[in-house]
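Enquirer: One structure follows; several queries about it will come next.
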Amino acid sequence: MSTSTLSQPITVTDTFPINGTDFIEFYVGNAKQTSLFYQHCFGFELIAYKGPETGCRDLVSYVVKQGKIRFVITSAFSPDHEISKHVALHGDGVKVLALWVDNAADAYQKAISRGAESAFEPITTKDENGEVTMASIKTYGETIHTLVERSKYTGVFLPGYAPKSSPVKVNSLGFKYVDHCVGNVELGQMNKWVKFYEEVMGFKLLVTFDDKDISTDYTALMSKVVSNGNGFIKFPINEPAAGKKKSQIEEYLDFYKGAGVQHIAIATDDIVHTVESLRNNGIEFLYVPDNYYDTVLERVGKIDEDLNDLKRMNILVDRDEEGYLLQIFTKPIQDRPTVFFEIIERHGAKSFGKGNFKALFEAIEREQELRGTL
Ligand code: FE2
């Protein structure tokens with residue numbers, strides 16, 4: 001009998017495996033109050049804390065969780081601390097988009113060898129619950145991607161954090177996971193960052209929107225969406241395009257003082273309930289006029305939800321070849337018109353609501369007009 005060599009299996013190689021979003025860290029002016037905002041208004045559960053009481057002398061961090069989503073809310077005490085300087089410059093904002101990997105040192109070395117800039121080198125921290133290795137690379141603006149390896153850790157969050165529970169009863173609003181995180185970058189920088197995600201982190205370009213897709217009479221923007229190997233991580237990158245007036249991206253860049261995270265999209269299975277609860281808790285959303293709903297079903301076809309509920313909650317609908325999606329955008333969640341949230345419920349659609357762009361942008365322009373920044 002002869003033997004033969006098996007041919008190579010045909011597989012698509014993921015050159016930078018990521019299991020999912022590990023956490024998102026906000027640098028803010030008052031972490032205690034901001035963490036209560038996420039508990040009371042967004043229904044996150046407080047799970048962990050780090051601060052003077054746990055031996056951390058220079059800063060405090062509160063960790064809140066809902067579904068698979070973990071937010072870390074951090075403030076520093078001294079005005080000279082890099083976190084305080086970050087807040088002074090950018091206002092409250094997102095510093096870390098942390099990614100869960102199997103081998104942080106390996107992923108870091110790979111990223112550096114492919115041209116990434118280091119934010120910090122691999123470091124292993126330990127406590128009685130095991131050990132975690134983290135390393136970090138820089139992305140647009142002052143934002144960083146921290147790579148987190150936690151397979152040998154059983155504690156509540158990371159070594160150094162103590163378990164802490166919410167002082168009030170928190171009602172979950174049905175947040176499931178982070179659907180996508182959007183970055184705003186300066187004019188002419190979008191392609192540089194798309195290339196970064198492609199070359200350094202093995203992401204693929206998913207979709208491109210040009211200024212013809214995304215424009216109104218006044219403003220325009222361009223956007224490219226990149227996604228990692230397993231599709232769990234999606235990062236749309238926006239840059240301003242020339243319009244008659246100042247675009248929403250320029251307004252963001254002016255107020256954030258540079259590139260940064262624009263919005264975080266949160267997936268839910270019951271958007272009507274989620275949005276109704278958020279509204280009852282005081283969260284404000286962008287407004288689209290009632291006449292949006294006059295023609296929406298002609299555009300998107302049959303949907304499971306009652307159109308009256310969507311109209312009442314001002315939820316938008318869009319469809320692609322694979323299904324439909326429901327989405328809505330909050331107003332900025334801090335005083336500067338910078339970071340906001342999207343709530344999204346997908347019914348098969350994998351796209352980003354292109355059919356809603358015009359209605360949305362007009363809604364944003366109405367807000368800009370009120371702020372005098374259009
Ligand atoms: Fe989005």
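By convention in this document, the chains of the structure tokens carry letters A, B, ... by their order, each chain's residues are numbered from 1, and ligands are numbered from 1 in the order they are shown.
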Please provide as JSON, numbers by chain all residues within 10 Å of segment 233-239 of chain A, with the sequence filter that same-chain residues fewer than 5 positions apart are discarded (counting only C-alpha atoms).
Expert: {"A": [18, 19, 20, 21, 99, 140, 178, 179, 180, 181, 182, 183, 184, 185, 186, 187, 188, 189, 190, 191, 193, 194, 197, 203, 204, 205, 206, 207, 208, 209, 210, 211, 220, 221, 222, 223, 224, 225, 226, 227, 228, 247, 248, 249, 250, 253, 259, 260, 261, 262, 263, 264, 352]}
Enquirer: Just the helix (DSSP H, G or I) stuff from segment 24-62 of chain A, please, per backbone DSSP, written as an NGL selection string.
Expert: :A and (31-40 or 52-54)
Enquirer: Filtering to N, CA and C atoms, could you give me those residues as a PDB file, in the first residue's frame?
Expert:
ATOM      1  N   ALA A  31     -15.159  59.705  39.206  1.00  0.00           N
ATOM      2  CA  ALA A  31     -15.523  58.302  38.946  1.00  0.00           C
ATOM      3  C   ALA A  31     -16.667  57.835  39.834  1.00  0.00           C
ATOM      4  N   LYS A  32     -16.704  58.330  41.067  1.00  0.00           N
ATOM      5  CA  LYS A  32     -17.771  57.896  41.984  1.00  0.00           C
ATOM      6  C   LYS A  32     -19.137  58.262  41.400  1.00  0.00           C
ATOM      7  N   GLN A  33     -19.272  59.518  40.943  1.00  0.00           N
ATOM      8  CA  GLN A  33     -20.567  59.941  40.408  1.00  0.00           C
ATOM      9  C   GLN A  33     -20.854  59.285  39.059  1.00  0.00           C
ATOM     10  N   THR A  34     -19.845  59.169  38.210  1.00  0.00           N
ATOM     11  CA  THR A  34     -20.076  58.562  36.896  1.00  0.00           C
ATOM     12  C   THR A  34     -20.486  57.099  37.040  1.00  0.00           C
ATOM     13  N   SER A  35     -19.876  56.400  38.001  1.00  0.00           N
ATOM     14  CA  SER A  35     -20.247  54.982  38.165  1.00  0.00           C
ATOM     15  C   SER A  35     -21.703  54.867  38.620  1.00  0.00           C
ATOM     16  N   LEU A  36     -22.155  55.820  39.423  1.00  0.00           N
ATOM     17  CA  LEU A  36     -23.572  55.818  39.832  1.00  0.00           C
ATOM     18  C   LEU A  36     -24.486  56.115  38.639  1.00  0.00           C
ATOM     19  N   PHE A  37     -24.033  56.982  37.738  1.00  0.00           N
ATOM     20  CA  PHE A  37     -24.792  57.266  36.516  1.00  0.00           C
ATOM     21  C   PHE A  37     -25.003  55.971  35.727  1.00  0.00           C
ATOM     22  N   TYR A  38     -23.936  55.180  35.567  1.00  0.00           N
ATOM     23  CA  TYR A  38     -24.077  53.930  34.806  1.00  0.00           C
ATOM     24  C   TYR A  38     -24.946  52.908  35.542  1.00  0.00           C
ATOM     25  N   GLN A  39     -24.923  52.944  36.868  1.00  0.00           N
ATOM     26  CA  GLN A  39     -25.794  52.033  37.617  1.00  0.00           C
ATOM     27  C   GLN A  39     -27.254  52.483  37.540  1.00  0.00           C
ATOM     28  N   HIS A  40     -27.505  53.744  37.866  1.00  0.00           N
ATOM     29  CA  HIS A  40     -28.884  54.237  37.939  1.00  0.00           C
ATOM     30  C   HIS A  40     -29.531  54.369  36.561  1.00  0.00           C
ATOM     31  N   PRO A  52      -7.911  53.894  47.367  1.00  0.00           N
ATOM     32  CA  PRO A  52      -7.079  53.938  48.581  1.00  0.00           C
ATOM     33  C   PRO A  52      -7.381  52.786  49.546  1.00  0.00           C
ATOM     34  N   GLU A  53      -8.665  52.403  49.639  1.00  0.00           N
ATOM     35  CA  GLU A  53      -9.034  51.331  50.585  1.00  0.00           C
ATOM     36  C   GLU A  53      -8.454  49.979  50.177  1.00  0.00           C
ATOM     37  N   THR A  54      -8.078  49.832  48.905  1.00  0.00           N
ATOM     38  CA  THR A  54      -7.491  48.573  48.450  1.00  0.00           C
ATOM     39  C   THR A  54      -5.979  48.720  48.236  1.00  0.00           C
TER      40      THR A  54
END
Enquirer: Excluding Cys56 of chain A and its own-chain neighbours fewer than 6 positions away, which residues fall within 12 Å of it when counting only C-alpha atoms? Please give them as a list in words.
Expert: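 Near Cys56 of chain A, the qualifying residues are Tyr49, Lys50, Ser75, Ala76, Phe77, Pro159, Gly160, Tyr161 and Ala162 of chain A.
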Enquirer: Kindly indicate which residue among A:Gly141, A:Gly258, A:Gly174, A:Pro122 lies nearest to Ala104 of chain A, using only C-alpha atoms for the distances.
Expert: A:Pro122
Enquirer: From the list A:Asn291, A:Ser151, A:Asn103, A:Ser277, which residue is nearest Leu173 of chain A when using only C-alpha atoms?
Expert: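 That would be A:Ser277, the residue with the smallest distance to Leu173 of chain A.
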Enquirer: Determine the nearest neighbour of Asp106 of chain A from the options A:Glu149, A:Glu142, A:Asp217, A:Asp92, counting only C-alpha atoms.
Expert: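 Of the candidates, the smallest distance to Asp106 of chain A is held by A:Glu149.
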